[in-house]
$ cat query_21.cif   # mmCIF, C-alpha atoms
data_start
loop_
_atom_site.label_atom_id
_atom_site.label_comp_id
_atom_site.auth_asym_id
_atom_site.auth_seq_id
_atom_site.Cartn_x
_atom_site.Cartn_y
_atom_site.Cartn_z
CA MET Y 1 0.00 0.00 0.00
CA ALA Y 2 1.39 3.40 -1.00
CA ASP Y 3 1.94 6.01 1.69
CA LYS Y 4 0.75 8.80 -0.60
CA THR Y 5 -2.25 9.13 -2.88
CA ALA Y 6 -3.26 11.45 -5.71
CA THR Y 7 -6.86 12.51 -6.15
CA ILE Y 8 -8.40 13.02 -9.58
CA LYS Y 9 -11.69 14.90 -9.91
CA LEU Y 10 -13.81 13.74 -12.83
CA PRO Y 11 -16.19 15.95 -14.87
CA ASP Y 12 -19.22 14.44 -13.09
CA GLY Y 13 -17.81 15.62 -9.77
CA LYS Y 14 -16.75 12.15 -8.65
CA THR Y 15 -13.25 11.88 -7.15
CA LEU Y 16 -10.92 8.92 -7.33
CA ASP Y 17 -7.80 8.24 -5.30
CA PHE Y 18 -4.75 6.58 -6.85
CA PRO Y 19 -1.60 5.39 -5.11
CA VAL Y 20 1.60 7.37 -5.58
CA MET Y 21 4.65 5.13 -6.02
CA SER Y 22 8.21 6.18 -5.22
CA GLY Y 23 11.39 4.88 -6.79
CA SER Y 24 14.84 4.83 -5.19
CA VAL Y 25 15.53 8.15 -6.91
CA GLY Y 26 13.67 10.37 -9.37
CA PRO Y 27 10.08 11.60 -9.69
CA ASP Y 28 7.20 9.79 -7.98
CA VAL Y 29 4.58 8.24 -10.25
CA VAL Y 30 0.79 8.09 -9.98
CA ASP Y 31 -0.39 4.49 -10.44
CA ILE Y 32 -3.39 4.90 -12.77
CA ARG Y 33 -3.78 1.26 -13.81
CA LYS Y 34 -7.33 1.18 -12.41
CA LEU Y 35 -8.40 4.51 -13.93
CA TYR Y 36 -10.33 3.04 -16.86
CA GLY Y 37 -12.04 0.40 -14.76
CA GLN Y 38 -13.17 2.96 -12.19
CA SER Y 39 -14.01 5.87 -14.49
CA GLY Y 40 -14.28 4.62 -18.08
CA MET Y 41 -11.66 7.23 -19.03
CA PHE Y 42 -8.09 7.05 -20.36
CA THR Y 43 -5.18 9.46 -19.97
CA TYR Y 44 -3.81 11.24 -23.07
CA ASP Y 45 -0.02 11.50 -23.34
CA PRO Y 46 1.38 11.61 -26.92
CA GLY Y 47 5.05 10.59 -26.94
CA PHE Y 48 4.67 9.31 -23.35
CA LEU Y 49 6.25 12.51 -22.01
CA SER Y 50 4.72 12.03 -18.56
CA THR Y 51 4.17 8.28 -18.51
CA ALA Y 52 6.28 5.61 -16.81
CA SER Y 53 5.73 2.54 -19.00
CA CYS Y 54 7.49 0.13 -16.65
CA SER Y 55 9.41 -0.32 -13.44
CA SER Y 56 13.17 -0.75 -13.98
CA SER Y 57 16.37 -0.94 -11.96
CA ILE Y 58 18.86 -0.74 -14.85
CA THR Y 59 19.45 2.87 -15.89
CA TYR Y 60 18.61 6.23 -14.35
CA ILE Y 61 18.77 9.65 -16.00
CA ASP Y 62 18.39 13.03 -14.31
CA GLY Y 63 18.11 15.31 -17.31
CA ASP Y 64 18.11 18.54 -15.30
CA ALA Y 65 21.31 17.64 -13.42
CA GLY Y 66 23.01 15.95 -16.39
CA VAL Y 67 23.28 12.56 -14.63
CA LEU Y 68 23.40 9.11 -16.23
CA LEU Y 69 23.72 6.02 -13.99
CA TYR Y 70 24.06 2.37 -15.01
CA ARG Y 71 22.87 0.28 -12.03
CA GLY Y 72 23.76 3.26 -9.81
CA TYR Y 73 27.26 3.84 -11.20
CA PRO Y 74 27.94 7.24 -12.86
CA ILE Y 75 28.72 6.90 -16.57
CA GLU Y 76 31.86 9.02 -16.06
CA GLN Y 77 33.36 6.46 -13.66
CA LEU Y 78 32.43 3.48 -15.80
CA ALA Y 79 33.92 5.04 -18.93
CA LEU Y 80 37.20 5.77 -17.12
CA HIS Y 81 37.64 2.60 -15.05
CA CYS Y 82 35.85 -0.22 -16.91
CA ASP Y 83 35.88 -1.84 -20.33
CA PHE Y 84 32.75 -2.56 -22.34
CA LEU Y 85 32.34 -6.21 -21.31
CA GLU Y 86 32.50 -5.22 -17.63
CA VAL Y 87 29.67 -2.78 -18.35
CA CYS Y 88 27.79 -5.54 -20.18
CA TYR Y 89 28.12 -7.77 -17.12
CA LEU Y 90 26.89 -4.92 -14.92
CA LEU Y 91 23.82 -4.19 -17.04
CA LEU Y 92 22.89 -7.87 -17.25
CA ASN Y 93 23.62 -8.90 -13.66
CA GLY Y 94 23.26 -5.76 -11.56
CA GLU Y 95 26.82 -5.68 -10.18
CA LEU Y 96 30.31 -5.18 -11.59
CA PRO Y 97 32.23 -8.45 -11.93
CA ASN Y 98 35.20 -9.44 -9.80
CA ARG Y 99 38.26 -10.74 -11.64
CA LYS Y 100 37.07 -14.37 -11.78
CA GLN Y 101 33.57 -13.43 -12.90
CA LYS Y 102 34.98 -11.18 -15.61
CA GLU Y 103 37.28 -13.90 -16.93
CA GLU Y 104 34.39 -16.36 -17.15
CA PHE Y 105 32.11 -13.79 -18.80
CA VAL Y 106 34.76 -12.73 -21.36
CA ASN Y 107 35.53 -16.38 -22.13
CA ILE Y 108 31.88 -17.18 -22.88
CA VAL Y 109 31.41 -14.10 -25.08
CA THR Y 110 34.68 -14.77 -26.92
CA HIS Y 111 33.61 -18.31 -27.79
CA HIS Y 112 30.25 -17.19 -29.15
CA THR Y 113 31.54 -14.59 -31.63
CA MET Y 114 31.40 -16.77 -34.75
CA VAL Y 115 28.14 -16.95 -36.69
CA HIS Y 116 26.62 -19.91 -38.49
CA GLU Y 117 28.29 -20.21 -41.91
CA GLN Y 118 24.90 -20.34 -43.60
CA LEU Y 119 24.13 -16.97 -41.99
CA ALA Y 120 27.25 -15.54 -43.66
CA ARG Y 121 25.80 -16.60 -47.01
CA LEU Y 122 22.60 -14.72 -46.22
CA TYR Y 123 24.43 -11.46 -47.00
CA GLN Y 124 24.64 -12.46 -50.66
CA GLY Y 125 20.89 -11.98 -50.91
CA PHE Y 126 21.30 -8.22 -50.37
CA ARG Y 127 22.42 -5.67 -52.93
CA ARG Y 128 25.96 -4.42 -52.34
CA ASP Y 129 24.69 -0.83 -52.15
CA ALA Y 130 21.98 -1.63 -49.57
CA HIS Y 131 22.11 0.53 -46.45
CA PRO Y 132 23.98 -1.43 -43.74
CA MET Y 133 21.09 -0.88 -41.31
CA ALA Y 134 18.70 -2.57 -43.75
CA VAL Y 135 21.08 -5.53 -43.80
CA MET Y 136 21.35 -5.47 -39.99
CA VAL Y 137 17.57 -5.63 -39.50
CA GLY Y 138 17.37 -8.64 -41.80
CA VAL Y 139 20.37 -10.56 -40.50
CA VAL Y 140 19.64 -10.06 -36.79
CA GLY Y 141 16.01 -10.98 -37.32
CA ALA Y 142 17.17 -14.15 -39.08
CA LEU Y 143 19.25 -15.28 -36.08
CA SER Y 144 16.21 -17.04 -34.65
CA ALA Y 145 16.20 -19.31 -37.71
CA PHE Y 146 19.77 -20.41 -36.96
CA TYR Y 147 19.74 -20.53 -33.15
CA HIS Y 148 16.29 -21.92 -32.39
CA ASP Y 149 17.63 -24.33 -29.77
CA ALA Y 150 17.22 -21.73 -27.01
CA LEU Y 151 14.09 -19.71 -27.80
CA ASP Y 152 11.89 -20.55 -24.82
CA ILE Y 153 11.53 -17.11 -23.28
CA ASN Y 154 10.13 -18.64 -20.08
CA ASN Y 155 13.36 -20.59 -19.54
CA PRO Y 156 15.96 -18.44 -17.71
CA GLN Y 157 18.81 -20.51 -19.12
CA HIS Y 158 17.56 -19.99 -22.68
CA ARG Y 159 17.31 -16.25 -22.06
CA THR Y 160 20.91 -16.18 -20.82
CA ILE Y 161 22.18 -18.13 -23.84
CA SER Y 162 20.35 -15.74 -26.19
CA ALA Y 163 21.86 -12.74 -24.39
CA PHE Y 164 25.39 -14.12 -24.79
CA ARG Y 165 24.82 -14.92 -28.43
CA LEU Y 166 23.51 -11.46 -29.25
CA ILE Y 167 26.29 -9.58 -27.44
CA ALA Y 168 28.99 -11.86 -28.91
CA LYS Y 169 27.76 -12.05 -32.50
CA MET Y 170 26.75 -8.42 -33.03
CA PRO Y 171 30.33 -7.22 -33.74
CA THR Y 172 30.72 -10.04 -36.27
CA ILE Y 173 27.42 -9.14 -37.94
CA VAL Y 174 28.30 -5.44 -38.10
CA GLY Y 175 31.79 -6.19 -39.45
CA MET Y 176 30.32 -8.48 -42.11
CA SER Y 177 27.76 -5.82 -43.09
CA TYR Y 178 30.58 -3.35 -43.68
CA LYS Y 179 32.83 -5.78 -45.55
CA TYR Y 180 29.95 -6.85 -47.78
CA SER Y 181 29.11 -3.22 -48.63
CA ILE Y 182 32.66 -2.52 -49.87
CA GLY Y 183 33.21 -5.85 -51.58
CA GLN Y 184 35.92 -7.16 -49.26
CA PRO Y 185 36.09 -10.69 -47.81
CA PHE Y 186 34.69 -11.30 -44.35
CA MET Y 187 37.22 -11.34 -41.53
CA TYR Y 188 36.46 -14.04 -38.99
CA PRO Y 189 36.85 -13.29 -35.26
CA LYS Y 190 40.08 -14.07 -33.40
CA ASN Y 191 39.83 -15.39 -29.86
CA ASP Y 192 43.14 -13.88 -28.71
CA LEU Y 193 41.85 -10.31 -29.13
CA SER Y 194 39.65 -8.28 -26.81
CA TYR Y 195 35.99 -7.73 -27.72
CA THR Y 196 36.58 -4.27 -29.17
CA ALA Y 197 39.96 -4.99 -30.80
CA ASN Y 198 38.34 -8.02 -32.42
CA PHE Y 199 35.56 -5.82 -33.79
CA MET Y 200 38.00 -3.29 -35.26
CA ARG Y 201 39.97 -6.10 -36.88
CA MET Y 202 36.79 -7.49 -38.47
CA MET Y 203 36.05 -3.99 -39.76
CA PHE Y 204 39.44 -2.93 -41.07
CA ALA Y 205 41.72 -5.95 -41.56
CA VAL Y 206 42.30 -7.63 -44.93
CA PRO Y 207 43.68 -11.14 -45.56
CA ALA Y 208 46.69 -9.74 -47.42
CA GLU Y 209 48.40 -8.35 -44.33
CA GLU Y 210 48.55 -8.66 -40.56
CA TYR Y 211 46.33 -6.27 -38.60
CA LYS Y 212 47.78 -4.67 -35.49
CA PRO Y 213 45.22 -3.04 -33.15
CA ASN Y 214 46.04 0.47 -31.97
CA ASP Y 215 45.40 0.62 -28.22
CA VAL Y 216 44.35 4.30 -28.28
CA LEU Y 217 41.83 3.72 -31.06
CA VAL Y 218 40.54 0.50 -29.50
CA ARG Y 219 39.99 2.32 -26.20
CA ALA Y 220 38.14 5.10 -28.03
CA MET Y 221 35.82 2.61 -29.68
CA ASP Y 222 35.33 0.81 -26.37
CA ARG Y 223 34.30 4.10 -24.78
CA ILE Y 224 31.81 4.73 -27.58
CA PHE Y 225 30.30 1.33 -26.78
CA ILE Y 226 30.10 2.12 -23.05
CA LEU Y 227 28.50 5.54 -23.56
CA HIS Y 228 25.80 4.07 -25.81
CA ALA Y 229 25.15 0.81 -23.93
CA ASP Y 230 21.82 1.87 -22.43
CA HIS Y 231 19.75 5.02 -22.03
CA GLU Y 232 16.61 4.20 -20.09
CA GLN Y 233 13.21 3.97 -21.85
CA ASN Y 234 14.05 5.63 -25.19
CA ALA Y 235 12.21 4.87 -28.43
CA SER Y 236 14.20 1.78 -29.44
CA THR Y 237 14.30 0.31 -25.92
CA SER Y 238 10.56 0.84 -25.60
CA THR Y 239 10.18 -0.87 -28.99
CA VAL Y 240 12.17 -3.87 -27.76
CA ARG Y 241 10.05 -4.07 -24.60
CA LEU Y 242 6.78 -3.68 -26.55
CA SER Y 243 7.84 -6.38 -29.03
CA GLY Y 244 8.93 -8.64 -26.18
CA SER Y 245 5.65 -8.16 -24.34
CA SER Y 246 3.92 -10.22 -27.03
CA GLY Y 247 6.23 -13.17 -26.34
CA ALA Y 248 8.33 -12.61 -29.48
CA ASN Y 249 11.77 -14.24 -29.46
CA PRO Y 250 14.73 -12.04 -28.39
CA TYR Y 251 16.28 -11.89 -31.88
CA ALA Y 252 13.04 -10.53 -33.35
CA CYS Y 253 12.84 -8.00 -30.50
CA ILE Y 254 16.40 -6.76 -31.07
CA ALA Y 255 15.75 -6.53 -34.83
CA ALA Y 256 12.73 -4.34 -33.99
CA GLY Y 257 14.97 -2.17 -31.81
CA ILE Y 258 17.48 -1.81 -34.65
CA ALA Y 259 14.69 -0.77 -37.04
CA CYS Y 260 13.55 1.91 -34.58
CA LEU Y 261 17.11 3.11 -33.97
CA TRP Y 262 17.54 3.60 -37.71
CA GLY Y 263 15.26 6.64 -37.54
CA PRO Y 264 17.11 9.98 -37.99
CA ALA Y 265 15.53 11.42 -34.85
CA HIS Y 266 17.04 8.58 -32.77
CA GLY Y 267 20.20 6.76 -33.86
CA GLY Y 268 20.91 8.92 -36.89
CA ALA Y 269 21.66 12.08 -34.91
CA ASN Y 270 25.48 11.86 -35.10
CA GLU Y 271 25.22 11.33 -38.85
CA ALA Y 272 23.07 14.46 -39.13
CA CYS Y 273 25.60 16.39 -37.01
CA LEU Y 274 28.48 15.44 -39.30
CA GLU Y 275 26.45 16.46 -42.34
CA MET Y 276 25.80 19.84 -40.69
CA LEU Y 277 29.53 20.42 -40.12
CA GLU Y 278 30.24 19.51 -43.74
CA GLU Y 279 27.60 22.00 -44.89
CA ILE Y 280 29.13 24.79 -42.78
CA GLY Y 281 32.46 23.89 -44.36
CA ASP Y 282 34.83 26.29 -42.63
CA VAL Y 283 35.38 28.03 -39.27
CA SER Y 284 34.94 31.43 -40.92
CA LYS Y 285 31.35 30.56 -41.79
CA VAL Y 286 30.30 29.66 -38.23
CA PRO Y 287 29.00 33.18 -37.28
CA GLU Y 288 26.85 33.24 -40.41
CA PHE Y 289 25.52 29.77 -39.61
CA ILE Y 290 24.71 30.74 -36.00
CA LYS Y 291 22.79 33.73 -37.32
CA LYS Y 292 20.69 31.45 -39.50
CA VAL Y 293 20.02 29.09 -36.57
CA LYS Y 294 18.57 31.99 -34.57
CA ASP Y 295 16.31 32.95 -37.48
CA LYS Y 296 13.13 30.90 -37.11
CA ASN Y 297 12.29 31.45 -40.78
CA SER Y 298 15.58 30.08 -42.11
CA GLY Y 299 14.78 26.43 -41.47
CA VAL Y 300 18.38 25.88 -40.30
CA ARG Y 301 18.80 23.67 -37.22
CA LEU Y 302 21.76 23.24 -34.89
CA MET Y 303 22.38 19.49 -34.83
CA GLY Y 304 24.16 17.80 -31.91
CA PHE Y 305 22.96 20.33 -29.34
CA GLY Y 306 20.17 19.82 -26.84
CA HIS Y 307 18.48 16.56 -25.91
CA ARG Y 308 14.95 15.29 -25.31
CA VAL Y 309 15.93 14.27 -21.77
CA TYR Y 310 19.02 16.29 -20.82
CA LYS Y 311 18.25 19.90 -19.98
CA ASN Y 312 21.83 20.34 -18.86
CA PHE Y 313 25.18 19.21 -20.30
CA ASP Y 314 24.99 15.63 -21.60
CA PRO Y 315 27.41 13.77 -19.25
CA ARG Y 316 28.49 11.60 -22.18
CA ALA Y 317 29.49 14.61 -24.28
CA LYS Y 318 32.43 15.62 -22.07
CA LEU Y 319 33.84 12.09 -22.21
CA MET Y 320 33.38 11.92 -25.97
CA ARG Y 321 35.06 15.30 -26.36
CA GLU Y 322 38.14 14.03 -24.49
CA THR Y 323 38.11 10.85 -26.57
CA CYS Y 324 37.88 12.95 -29.71
CA HIS Y 325 41.04 14.86 -28.73
CA GLU Y 326 42.90 11.62 -27.96
CA VAL Y 327 42.00 10.02 -31.30
CA LEU Y 328 42.83 13.06 -33.41
CA GLU Y 329 46.13 13.49 -31.57
CA GLU Y 330 47.03 9.82 -32.06
CA LEU Y 331 46.25 10.01 -35.77
CA GLY Y 332 47.90 13.39 -36.27
CA LEU Y 333 44.58 15.00 -37.10
CA HIS Y 334 44.51 17.67 -34.36
CA ASN Y 335 44.20 20.28 -37.12
CA ASP Y 336 41.28 18.40 -38.64
CA ARG Y 337 38.97 20.89 -40.35
CA LEU Y 338 35.75 19.47 -38.96
CA PHE Y 339 37.02 19.16 -35.40
CA LYS Y 340 38.28 22.75 -35.35
CA LEU Y 341 34.92 23.79 -36.75
CA ALA Y 342 33.10 21.80 -34.04
CA ILE Y 343 35.16 23.37 -31.25
CA GLU Y 344 34.41 26.86 -32.54
CA LEU Y 345 30.73 26.05 -32.88
CA GLU Y 346 30.72 24.69 -29.32
CA ARG Y 347 32.51 27.79 -27.98
CA ILE Y 348 30.08 30.23 -29.57
CA ALA Y 349 27.01 28.21 -28.56
CA LEU Y 350 28.17 27.97 -24.92
CA GLU Y 351 28.81 31.71 -24.70
CA ASP Y 352 25.74 32.92 -26.61
CA GLU Y 353 22.74 33.87 -24.45
CA TYR Y 354 20.37 32.53 -27.14
CA PHE Y 355 21.64 28.97 -26.62
CA ILE Y 356 22.33 29.29 -22.89
CA SER Y 357 18.77 30.42 -22.15
CA ARG Y 358 17.40 27.47 -24.14
CA LYS Y 359 19.85 25.04 -22.49
CA LEU Y 360 21.15 23.87 -25.86
CA TYR Y 361 24.32 22.17 -24.70
CA PRO Y 362 26.42 19.78 -26.85
CA ASN Y 363 25.26 16.17 -26.64
CA VAL Y 364 27.17 12.94 -27.25
CA ASP Y 365 26.25 12.91 -30.96
CA PHE Y 366 28.09 16.20 -31.47
CA TYR Y 367 31.46 14.48 -31.02
CA SER Y 368 30.85 10.78 -31.70
CA GLY Y 369 30.43 11.32 -35.44
CA ILE Y 370 33.81 13.06 -35.64
CA VAL Y 371 35.50 10.31 -33.63
CA GLN Y 372 34.03 7.56 -35.82
CA ARG Y 373 34.99 9.45 -38.97
CA ALA Y 374 38.57 9.72 -37.69
CA LEU Y 375 38.58 5.97 -36.96
CA GLY Y 376 37.71 5.33 -40.61
CA ILE Y 377 34.09 4.37 -40.12
CA PRO Y 378 31.84 5.58 -42.97
CA VAL Y 379 28.77 7.63 -42.11
CA ALA Y 380 26.38 4.86 -43.22
CA MET Y 381 27.84 2.59 -40.52
CA PHE Y 382 27.38 5.00 -37.60
CA THR Y 383 23.96 3.67 -36.59
CA CYS Y 384 25.21 0.07 -36.93
CA ILE Y 385 27.88 0.88 -34.32
CA PHE Y 386 25.15 2.37 -32.14
CA SER Y 387 23.09 -0.83 -32.54
CA LEU Y 388 26.07 -2.96 -31.53
CA ALA Y 389 26.61 -0.93 -28.36
CA ARG Y 390 22.93 -0.71 -27.43
CA THR Y 391 22.27 -4.45 -27.86
CA VAL Y 392 23.33 -5.20 -24.28
CA GLY Y 393 20.98 -2.52 -22.96
CA TRP Y 394 18.13 -3.85 -25.06
CA ILE Y 395 18.66 -7.43 -23.95
CA ALA Y 396 19.01 -6.41 -20.29
CA GLN Y 397 15.75 -4.46 -20.50
CA TRP Y 398 14.08 -7.38 -22.30
CA GLN Y 399 15.22 -9.84 -19.62
CA GLU Y 400 14.02 -7.53 -16.86
CA MET Y 401 10.60 -7.23 -18.50
CA ILE Y 402 10.20 -10.99 -18.99
CA SER Y 403 11.10 -11.55 -15.32
CA ASP Y 404 8.66 -8.90 -14.06
CA PRO Y 405 5.52 -10.56 -12.62
CA GLU Y 406 3.55 -7.40 -13.48
CA TYR Y 407 4.42 -7.35 -17.17
CA LYS Y 408 1.57 -7.56 -19.68
CA ILE Y 409 1.38 -7.31 -23.44
CA GLY Y 410 1.65 -3.65 -24.39
CA ARG Y 411 -1.64 -2.15 -25.52
CA PRO Y 412 -1.70 1.67 -25.64
CA ARG Y 413 -5.10 3.35 -25.82
CA GLN Y 414 -6.16 6.20 -28.07
CA LEU Y 415 -8.34 9.28 -28.36
CA TYR Y 416 -10.52 8.41 -31.36
CA LYS Y 417 -11.49 11.33 -33.63
CA GLY Y 418 -12.71 9.48 -36.71
CA PRO Y 419 -16.25 9.05 -38.06
CA THR Y 420 -18.88 7.54 -35.79
CA LYS Y 421 -20.80 4.44 -36.89
CA ARG Y 422 -22.27 4.70 -40.39
CA ASP Y 423 -23.77 2.32 -42.92
CA VAL Y 424 -22.15 1.14 -46.15
CA LYS Y 425 -24.08 2.27 -49.23
CA PRO Y 426 -24.23 0.21 -52.41
CA ILE Y 427 -21.44 1.22 -54.81
CA ASP Y 428 -23.81 2.96 -57.29
CA LYS Y 429 -25.20 5.21 -54.52
CA ARG Y 430 -21.88 6.43 -53.07
#
$ encode --input "query_21.cif" --output "structure tokens"
Amino acid sequence: MADKTATIKLPDGKTLDFPVMSGSVGPDVVDIRKLYGQSGMFTYDPGFLSTASCSSSITYIDGDAGVLLYRGYPIEQLALHCDFLEVCYLLLNGELPNRKQKEEFVNIVTHHTMVHEQLARLYQGFRRDAHPMAVMVGVVGALSAFYHDALDINNPQHRTISAFRLIAKMPTIVGMSYKYSIGQPFMYPKNDLSYTANFMRMMFAVPAEEYKPNDVLVRAMDRIFILHADHEQNASTSTVRLSGSSGANPYACIAAGIACLWGPAHGGANEACLEMLEEIGDVSKVPEFIKKVKDKNSGVRLMGFGHRVYKNFDPRAKLMRETCHEVLEELGLHNDRLFKLAIELERIALEDEYFISRKLYPNVDFYSGIVQRALGIPVAMFTCIFSLARTVGWIAQWQEMISDPEYKIGRPRQLYKGPTKRDVKPIDKR
């Protein structure tokens, strides 16, 4: 029984009391599950701006304070002191692994990285110029046809096996998608490399020569993975949960999440930011561009600034900015035209009252596109990298939902504004 209640007064004067639930941190929520049964009315909340769709203990965001926590740990600490597989373990299990647990976890993931050889042939059914995300949706969705030995979602062991397979095989699938798009042979995983070094080898190595991972670049990619691993109940995560609520297998659910992430308003933001910088072209043109951004009639938007949730500085952006410096320095690109342009754009935006008053601070997408470009990743692959990183968050959220005794198939309501009942006339009288 909740300690607090909220009272709603209906148009007929009747009042109803609903329990107010409190989390460990963050806003309280009004439990309105019985609203329709008691009043015959629904709530109306397009975009779910004020609706908690589930109870979760995985990720917490305080947008006003610029806070992002994975299982209670600040993203800044995780990005500095942990590697991606440690973060994967944390998201899946609730605690960071000790040395023995990490070794066992890494060993299992490492030995699941290969994909069924018949799955590799599936790529040949796609056009070479197909968007890599289109390929990703198809290939990941097809995993259930190759690994149907562990698809009982009510079996905890099956769910764990599926989680390992998805986390382990996603880098291989992304690497194959890239290699197929440029006509190069697939590079199979190597078990003596780390998760992220292995991924970069599958992306950039060729059979003709030995590939030597660069520790600075591998760490940068690993940090990109960590920063994108989970982000609470965003559009793609909600899609995964909604798909999973029907009892769909985990591979189908993750494919649905990838399809949602493909949208330019979600996973395509860093791509849009890079395109904006290319359009500006030169540092000298930044003042003119800023002027256009302030003009509501110009139609020009400042990409990579502001966030649906963060009304303060995106905590991931500072880490990505540091990573950006490290990568460009390592590659001798510190005078890179786009990075210098980005820094100038950031400086002006942070000093200009127009942007300060609107809390338009740089977000993680502002820098991640530049980092990936410096690493040699083409723009079309950016969202695939995002999908790879977010898979662990999706699968952790999916597992949590399946294990929740209160979970039900998702069934949003609506405010109907169409025609009322009418009769069909014979075709010659219409």
$ closest_residue --input "query_21.cif" --among "Y:Lys179, Y:Lys34, Y:His228, Y:His131" --to "Y:Arg390" --atoms "all atoms listed in the file"
Y:His228
$ residues_around --input "query_21.cif" --residues "stretch 404-413 of chain Y" --least-positions-apart "5" --cutoff "6 Å" --atoms "all atoms listed in the file" --output "ChimeraX atom specification"
/Y:242,245-246
$ resolve_selection --input "query_21.cif" --expression "the PyMOL selection byres ((chain Y and resi 89) around 12)" --output "ChimeraX atom specification"
/Y:58,70-71,82-88,90-99,101-106,108-109,160,163-164,167,226,229,392-393,395-396
$ atom_distance --input "query_21.cif" --atom1 "atom CA of Y:Pro207" --atom2 "atom CA of Y:Thr323"
29.6 Å
$ atom_distance --input "query_21.cif" --atom1 "atom CA of Y:Val216" --atom2 "atom CA of Y:Val327"
6.9 Å
$ atom_distance --input "query_21.cif" --atom1 "atom CA of Y:Val137" --atom2 "atom CA of Y:Leu193"
26.8 Å
$ residues_around --input "query_21.cif" --residues "Y:Val29" --least-positions-apart "6" --cutoff "12 Å" --atoms "all atoms listed in the file" --output "list of chain:residue names"
Y:Ala2, Y:Lys4, Y:Thr5, Y:Ala6, Y:Phe18, Y:Pro19, Y:Val20, Y:Met21, Y:Ser22, Y:Gly23, Y:Ser50, Y:Thr51, Y:Ala52, Y:Ser53, Y:Cys54, Y:Ser55
$ write_last_selection --input "query_21.cif" --atoms "C-alpha atoms" --output "short mmCIF file (atom, residue, chain, number, x, y, z; two decimals), in the coordinates of the input"
data_model
loop_
_atom_site.label_atom_id
_atom_site.label_comp_id
_atom_site.auth_asym_id
_atom_site.auth_seq_id
_atom_site.Cartn_x
_atom_site.Cartn_y
_atom_site.Cartn_z
CA ALA Y 2 1.39 3.40 -1.00
CA LYS Y 4 0.75 8.80 -0.60
CA THR Y 5 -2.25 9.13 -2.88
CA ALA Y 6 -3.26 11.45 -5.71
CA PHE Y 18 -4.75 6.58 -6.85
CA PRO Y 19 -1.60 5.39 -5.11
CA VAL Y 20 1.60 7.37 -5.58
CA MET Y 21 4.65 5.13 -6.02
CA SER Y 22 8.21 6.18 -5.22
CA GLY Y 23 11.39 4.88 -6.79
CA SER Y 50 4.72 12.03 -18.56
CA THR Y 51 4.17 8.28 -18.51
CA ALA Y 52 6.28 5.61 -16.81
CA SER Y 53 5.73 2.54 -19.00
CA CYS Y 54 7.49 0.13 -16.65
CA SER Y 55 9.41 -0.32 -13.44
#
$ closest_residue --input "query_21.cif" --among "Y:Arg321, Y:Cys260, Y:Glu330, Y:Ala255" --to "Y:Asp215" --atoms "only C-alpha atoms"
Y:Glu330
$ closest_residue --input "query_21.cif" --among "Y:Asn270, Y:Thr383, Y:Ser298, Y:Ser57" --to "Y:Asp365" --atoms "only C-alpha atoms"
Y:Asn270
$ residues_around --input "query_21.cif" --residues "Y:Asn154" --least-positions-apart "2" --cutoff "12 Å" --atoms "all atoms listed in the file" --output "list in words"
Ala150, Leu151, Asp152, Pro156, Gln157, His158, Arg159, Thr160, Gly244, Gly247, Ala248, Asn249, Pro250, Gln399, Met401, Ile402, Ser403, Asp404 and Pro405 of chain Y
$ write_last_selection --input "query_21.cif" --atoms "C-alpha atoms" --output "PDB file, in the coordinates of the input"
ATOM      1  CA  ALA Y 150      17.220 -21.730 -27.010  1.00  0.00           C
ATOM      2  CA  LEU Y 151      14.090 -19.710 -27.800  1.00  0.00           C
ATOM      3  CA  ASP Y 152      11.890 -20.550 -24.820  1.00  0.00           C
ATOM      4  CA  PRO Y 156      15.960 -18.440 -17.710  1.00  0.00           C
ATOM      5  CA  GLN Y 157      18.810 -20.510 -19.120  1.00  0.00           C
ATOM      6  CA  HIS Y 158      17.560 -19.990 -22.680  1.00  0.00           C
ATOM      7  CA  ARG Y 159      17.310 -16.250 -22.060  1.00  0.00           C
ATOM      8  CA  THR Y 160      20.910 -16.180 -20.820  1.00  0.00           C
ATOM      9  CA  GLY Y 244       8.930  -8.640 -26.180  1.00  0.00           C
ATOM     10  CA  GLY Y 247       6.230 -13.170 -26.340  1.00  0.00           C
ATOM     11  CA  ALA Y 248       8.330 -12.610 -29.480  1.00  0.00           C
ATOM     12  CA  ASN Y 249      11.770 -14.240 -29.460  1.00  0.00           C
ATOM     13  CA  PRO Y 250      14.730 -12.040 -28.390  1.00  0.00           C
ATOM     14  CA  GLN Y 399      15.220  -9.840 -19.620  1.00  0.00           C
ATOM     15  CA  MET Y 401      10.600  -7.230 -18.500  1.00  0.00           C
ATOM     16  CA  ILE Y 402      10.200 -10.990 -18.990  1.00  0.00           C
ATOM     17  CA  SER Y 403      11.100 -11.550 -15.320  1.00  0.00           C
ATOM     18  CA  ASP Y 404       8.660  -8.900 -14.060  1.00  0.00           C
ATOM     19  CA  PRO Y 405       5.520 -10.560 -12.620  1.00  0.00           C
TER      20      PRO Y 405
END
$ closest_residue --input "query_21.cif" --among "Y:Leu350, Y:Val174, Y:Val300, Y:Ala317" --to "Y:Ile377" --atoms "all atoms listed in the file"
Y:Val174
$ residues_around --input "query_21.cif" --residues "Y:Glu279" --least-positions-apart "2" --cutoff "12 Å" --atoms "only C-alpha atoms" --output "list in words"
Ala272, Cys273, Leu274, Glu275, Met276, Leu277, Gly281, Asp282, Val283, Lys285, Val286, Phe289, Val300, Arg301, Leu302, Met303, Leu338 and Leu341 of chain Y
$ resolve_selection --input "query_21.cif" --expression "the PyMOL selection byres ((chain Y and resi 415) around 9)" --output "VMD selection string"
chain Y and resid 42 to 44 413 to 414 416 to 417
